[in-house]
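A.B. asks: Sharing a structure, written as structure tokens. Questions coming.
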Amino acid sequence: MMGAGGTGGHVYPALSAAEVLSQQNDHTLFFVGTRGGGGFERRLVEEAGIQFAAIDEVFAGPIVGVNPLRALTSLVLMTLGTLQALGLLMRHQPGAILLTGGWANVPLALAAWLLRVPMLVYLPDIEPGSTIKLLARFAKKVAITVPDSAQYFRAGQTIVTGYPLRHAVRAATRAAAITQFQLDLSRKTLLVFGGSRGARSINIALTHILPDLLQEQIQILHVTGTLDYERVQTELAAIPDKMHYHSYAYLDDTMGAALAAADMVLSRAGASVLGEFPFFGLPAILVPYPYAWRYQKTNADYLAARGAAVRLDDEKMATELLPLLRDWLHHPTKLSAMSAAAKALAQPQGAQQLAQVLVDLAEKKRL
């Protein structure tokens with residue numbers, strides 16, 4: 001059973017492991033998301049095309065970082081969700097459960113603990129948040145992306161799997177991607193994105209330097225996010241020559257192709273950067289989201305300390321982004337060295353390894 005919800009950062013790792021298990025043809029898979037979230041998880045799961053025996057939903061809600069009334073409402077929802085999860089577990093009888101973090105997992109974790117169903121928690125980031133720390137108390141094992149995360153958990157509880165990449169990402173090739181996006185082979189390609197909804201500060205910083213940047217030997221794939229696409233198009237309407245600028249509201253199944261086509265990337269520092277950028281050997285300028293807990297800064301610092309990225313704080317983009325990009329373009333040896341450093345961190349078997357840990361837990365329960 002896979003329990004995931006709240007964000008794509010929680011859902012996609014679960015789906016990556018489910019892809020592997022579905023190809024083995026000897027597992028029955030169940031997915032549990034959150035009820036009342038507008039069908040977000042259900043859409044992602046159904047679009048993945050994985051054969052789940054059932055896709056269920058339980059009530060849940062955030063407790064940390066919200067006002068007291070919202071927290072009280074969430075406690076009621078969590079109680080209802082736990083009762084729903086108990087019913088699901090008794091009906092489906094899973095051998096093991098994968099939890100990928102977020103408050104959406106709490107009701108399922110409580111129910112699994114009560115029924116003694118073994119749980120595997122996956123930590124995508126370097127440092128765990130409060131919910132992962134809570135879930136880890138109930139879990140048999142915690143799968144981690146990098147060895148540095150072991151310090152936050154019980155001795156012997158963790159196993160390093162790497163970040164689980166979806167098949168659509170792993171299968172992307174540079175040659176096919178260049179054709180797909182109609183790119184110029186003589187120019188370096190910069191990929192810019194900030195998540196499905198977008199990162200407005202990154203979009204603003206890019207649009208301000210775009211006329212100067214396009215005078216260099218560069219072309220740009222800009223994923224603006226769904227909430228900022230129209231504003232960006234309006235702001236750039238006055239720029240006459242945008243032949244080498246390509247903008248998209250969002251890329252889902254084709255995001256792997258964009259990563260394969262890129263020579264460098266400018267993005268936020270969510271957990272996926274720890275898996276996707278090393279897989280493609282992508283040098284990165286990472287701009288951690290400044291208004292949330294520090295996990296994005298920790299992710300960015302991890303790659304930067306190993307020579308695979310540069311951390312650029314949000315408030316410094318206006319003055320430092322263009323000089324940094326020009327430096328990379330004019331000194332290709334720097335770019336090559338960062339690419340090699342990123343590639344050295346790649347763990348392409350993350351999805352297979354995460355799936356195998358889950359199978360091992362189920363087999364131990366059976367014995």
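Chain labels A, B, ... are given in the sequence in which chains occur in the structure tokens; within each chain residues are numbered consecutively from 1, and ligands are likewise numbered from 1 in the order shown.
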Do a neighbour search on Tyr302 in chain A at 10 Å with only C-alpha atoms, toss out local chain neighbours closer than 3 positions, and write the hits as JSON, numbers by chain.

C.D. replies: {"A": [126, 146, 148, 274, 296, 297, 298, 299, 305, 306, 307, 308, 309, 311]}

A.B. asks: Got a sec: who's within 6 Å of range 279-286 of chain A, counting only C-alpha atoms, leaving out chain neighbours fewer than 2 positions off, as a PDB file with C-alpha atoms, in the first residue's frame?

C.D. replies:
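Final output, saved to selection_18.pdb:
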```
ATOM      1  CA  MET A 264      22.261  24.035 -16.751  1.00  0.00           C
ATOM      2  CA  VAL A 265      19.253  24.707 -14.560  1.00  0.00           C
ATOM      3  CA  LEU A 266      17.835  27.485 -12.380  1.00  0.00           C
ATOM      4  CA  SER A 267      15.253  26.295  -9.876  1.00  0.00           C
ATOM      5  CA  ARG A 268      13.984  26.014  -6.337  1.00  0.00           C
ATOM      6  CA  ALA A 269      15.622  23.320  -4.189  1.00  0.00           C
ATOM      7  CA  GLU A 276      16.959  14.453 -11.088  1.00  0.00           C
ATOM      8  CA  PHE A 277      19.879  16.857 -11.452  1.00  0.00           C
ATOM      9  CA  ALA A 300      20.888  23.319  -1.905  1.00  0.00           C
ATOM     10  CA  ALA A 308      27.348  20.228  -8.179  1.00  0.00           C
ATOM     11  CA  ALA A 309      25.439  23.479  -7.636  1.00  0.00           C
ATOM     12  CA  VAL A 310      25.554  27.087  -6.507  1.00  0.00           C
ATOM     13  CA  ARG A 311      23.125  28.349  -3.882  1.00  0.00           C
ATOM     14  CA  LEU A 312      21.719  31.790  -4.691  1.00  0.00           C
ATOM     15  CA  MET A 338      30.057  20.946 -12.066  1.00  0.00           C
ATOM     16  CA  SER A 339      28.386  18.524 -14.439  1.00  0.00           C
ATOM     17  CA  ALA A 342      26.634  16.262 -10.181  1.00  0.00           C
ATOM     18  CA  LYS A 343      26.893  13.018 -12.158  1.00  0.00           C
ATOM     19  CA  ALA A 346      23.619   9.992  -9.279  1.00  0.00           C
TER      20      ALA A 346
END
```

A.B. asks: Write out as a PDB file with C-alpha atoms, in the first residue's frame the residues lying within 8 Å of Ser22 in chain A, counting only C-alpha atoms and excluding same-chain residues fewer than 6 positions away.

C.D. replies:
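Result file is result_23.pdb:
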```
ATOM      1  CA  LEU A  29      -1.071  -2.430  -5.116  1.00  0.00           C
ATOM      2  CA  ILE A  50      -0.392   2.119 -12.841  1.00  0.00           C
ATOM      3  CA  GLN A  51      -2.797  -0.723 -12.093  1.00  0.00           C
TER       4      GLN A  51
END
```

A.B. asks: Quote the spacing between CA of Leu114 in chain A and CA of Val11 in chain A in Å to one decimal place.

C.D. replies: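 Interatomic distance, CA of Leu114 in chain A to CA of Val11 in chain A: 24.1 Å.
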
A.B. asks: For the structure I just gave you, how does DSSP split range 90-321 of chain A - specifically, which residues are strand (DSSP E or B)? Reply as a ChimeraX atom specification.

C.D. replies: /A:97-99,119-123,141-144,158-160,188-193,218-223,245-248,264-267,284-286,309-311
